[in-house]
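J.: Just passing along the structure, written as structure tokens.
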Amino acid sequence: MKCDLNGWKILSGQFKSIAHFEKTALELFGKDFEAAEVVNGKYLLDGEEVAALFEHLALPLDLEREILSAIISARTQTEISSGISKLRQLLCALYTDAGEEICCIDLPCLLKFDDSVEKLSSFIRKNSSGTLNLPVPPFAAVCKINDALSAKNLSLPCGSMIIIDAENYPAPDEFCLFLKRDNNFALGTLNTVSPGDLLWSAPVLRLHIIPKQM
């Protein structure tokens, strides 16, 4: 799993050898950069370093997306939050020119979701009210705010949409949607809320705020 923390299983295919990677890293990041520790997962690449590697290698867009998705998934599964927020932002930026069919769900339906039973993405697919074509990663989902109570609790107008990452957990400092034990939705960062007050949370990728009708 450690080699997946930097997407090395895929990234390694872009270099002739580890020595070739070490030479490239030296050119990009300087002599103090421990390239060997990227390979074994002891050093975690941040968003700027990943972006620099992508630019240097001039990788195909699909491959860049695959590498970033692998990194985010591996770190999330091992509960490592380092760099997740910036890496997720970088991945989302790679979809600005491409649309994906994303499942939509009315926010109150998520009151029935139990993360001890299934993944959020699976629940949303089964309870989807339709799809939208949006320039976001395929792991995204759209939560529609169509009821007055949710709109009031979130301080957002009815009709607004919260686009979340339905596959991966948020980092502690990452803006997210969460459901509290009092069955009220809220937006914020996990490090400002007691874990005992939460039922589940999901990273927010984007907000589409619909202006209130006068």
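FYI, nothing fancy with the structure tokens labels: chains A, B, ... in order, residues from 1 per chain, ligands from 1 as they appear.
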For segment 87-93 of chain A, find every residue with an atom within 7 Å (counting only C-alpha atoms), except residues of its own chain fewer than 3 positions away, and show them as a list in words.
T.: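 Residues meeting the cut-off are Gly47, Arg65, Leu68, Gly83, Ile84, Thr96, Val136 and Pro137 of chain A.
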J.: Looking only at strand (DSSP E) from DSSP on the backbone, list the matching residues of segment 66-131 of chain A as a list in words.
T.: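 Residues of segment 66-131 of chain A classed as strand (DSSP E): Glu100, Glu101, Ile102, Cys103, Cys104, Ile105, Asp106, Gly130 and Thr131 of chain A.
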J.: Write the residues of the preceding selection, restricted to C-alpha atoms, as a compact mmCIF listing (two decimals), in the first residue's frame.
T.:
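Writing the result to selection.txt gives the following:
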```
# COMPACT_ATOMS: atom_id res chain seq x y z
CA GLU A 100 -19.33 13.66 -16.41
CA GLU A 101 -22.81 12.27 -15.80
CA ILE A 102 -23.18 12.74 -12.05
CA CYS A 103 -25.91 11.26 -9.86
CA CYS A 104 -28.22 13.69 -8.08
CA ILE A 105 -30.02 13.17 -4.80
CA ASP A 106 -32.38 15.36 -2.79
CA GLY A 130 -31.49 11.74 -11.96
CA THR A 131 -28.16 12.90 -13.33
```
J.: Could you check which of A:Ala36, A:Leu28, A:Ala171, A:Val142 is closest to Ile72 of chain A, using only C-alpha atoms?
T.: A:Ala171
J.: Atom CA of Leu63 of chain A to atom CA of Gln14 of chain A: how many Å, to one decimal?
T.: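 If I compute the distance from atom CA of Leu63 of chain A to atom CA of Gln14 of chain A, I get 10.2 Å.
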J.: Could you find all residues in segment 18-205 of chain A that DSSP calls helix (DSSP H, G or I) from the backbone, and write them as a PyMOL selection string?
T.: chain A and resi 18-29+35-39+47-57+61-77+84-93+107-112+120-126+148-154+190-192+195-197
J.: Write out as number ranges by chain the residues lying within 10 Å of Asp197 of chain A, counting only C-alpha atoms and excluding same-chain residues fewer than 5 positions away.
T.: A: 178-182
J.: Restricted to C-alpha atoms, what would the selected residues look like written as a PDB file, in the first residue's frame?
T.:
```
ATOM      1  CA  PHE A 178     -21.847  16.568   7.349  1.00  0.00           C
ATOM      2  CA  LEU A 179     -24.890  15.188   9.086  1.00  0.00           C
ATOM      3  CA  LYS A 180     -25.005  15.718  12.831  1.00  0.00           C
ATOM      4  CA  ARG A 181     -26.551  13.346  15.340  1.00  0.00           C
ATOM      5  CA  ASP A 182     -29.489  15.724  15.762  1.00  0.00           C
TER       6      ASP A 182
END
```
J.: Atom CA of Phe139 of chain A to atom CA of Ala52 of chain A: how many Å, to one decimal?
T.: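 Computing the Euclidean distance for atom CA of Phe139 of chain A and atom CA of Ala52 of chain A yields 24.4 Å.
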J.: Using only C-alpha atoms, find the one residue out of A:Ala70, A:Leu5, A:Cys109, A:Ile124 that sits nearest to Asp147 of chain A.
T.: A:Cys109
J.: Name the closest residue to Ser160 of chain A among the candidates A:Glu27, A:Ser17, A:Phe33, A:Ile209; distances are taken between atoms, counting only C-alpha atoms.
T.: A:Ile209
J.: Which residue out of A:Lys9, A:Lys144, A:Lys112, A:His56 has the minimum interatomic distance to Asn183 of chain A when only C-alpha atoms are used?
T.: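 Of A:Lys9, A:Lys144, A:Lys112, A:His56, the one nearest Asn183 of chain A, counting only C-alpha atoms, is A:Lys112.
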J.: Grab the atom CA of Glu37 of chain A to atom CA of Phe54 of chain A distance for me, in Å with one decimal place.
T.: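 So the two atoms, atom CA of Glu37 of chain A and atom CA of Phe54 of chain A, lie 18.7 Å apart.
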J.: Determine the nearest neighbour of Asn168 of chain A from the options A:Leu45, A:Leu111, A:Ile210, A:Thr76, counting only C-alpha atoms.
T.: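 The answer is A:Thr76, which sits nearest to Asn168 of chain A.
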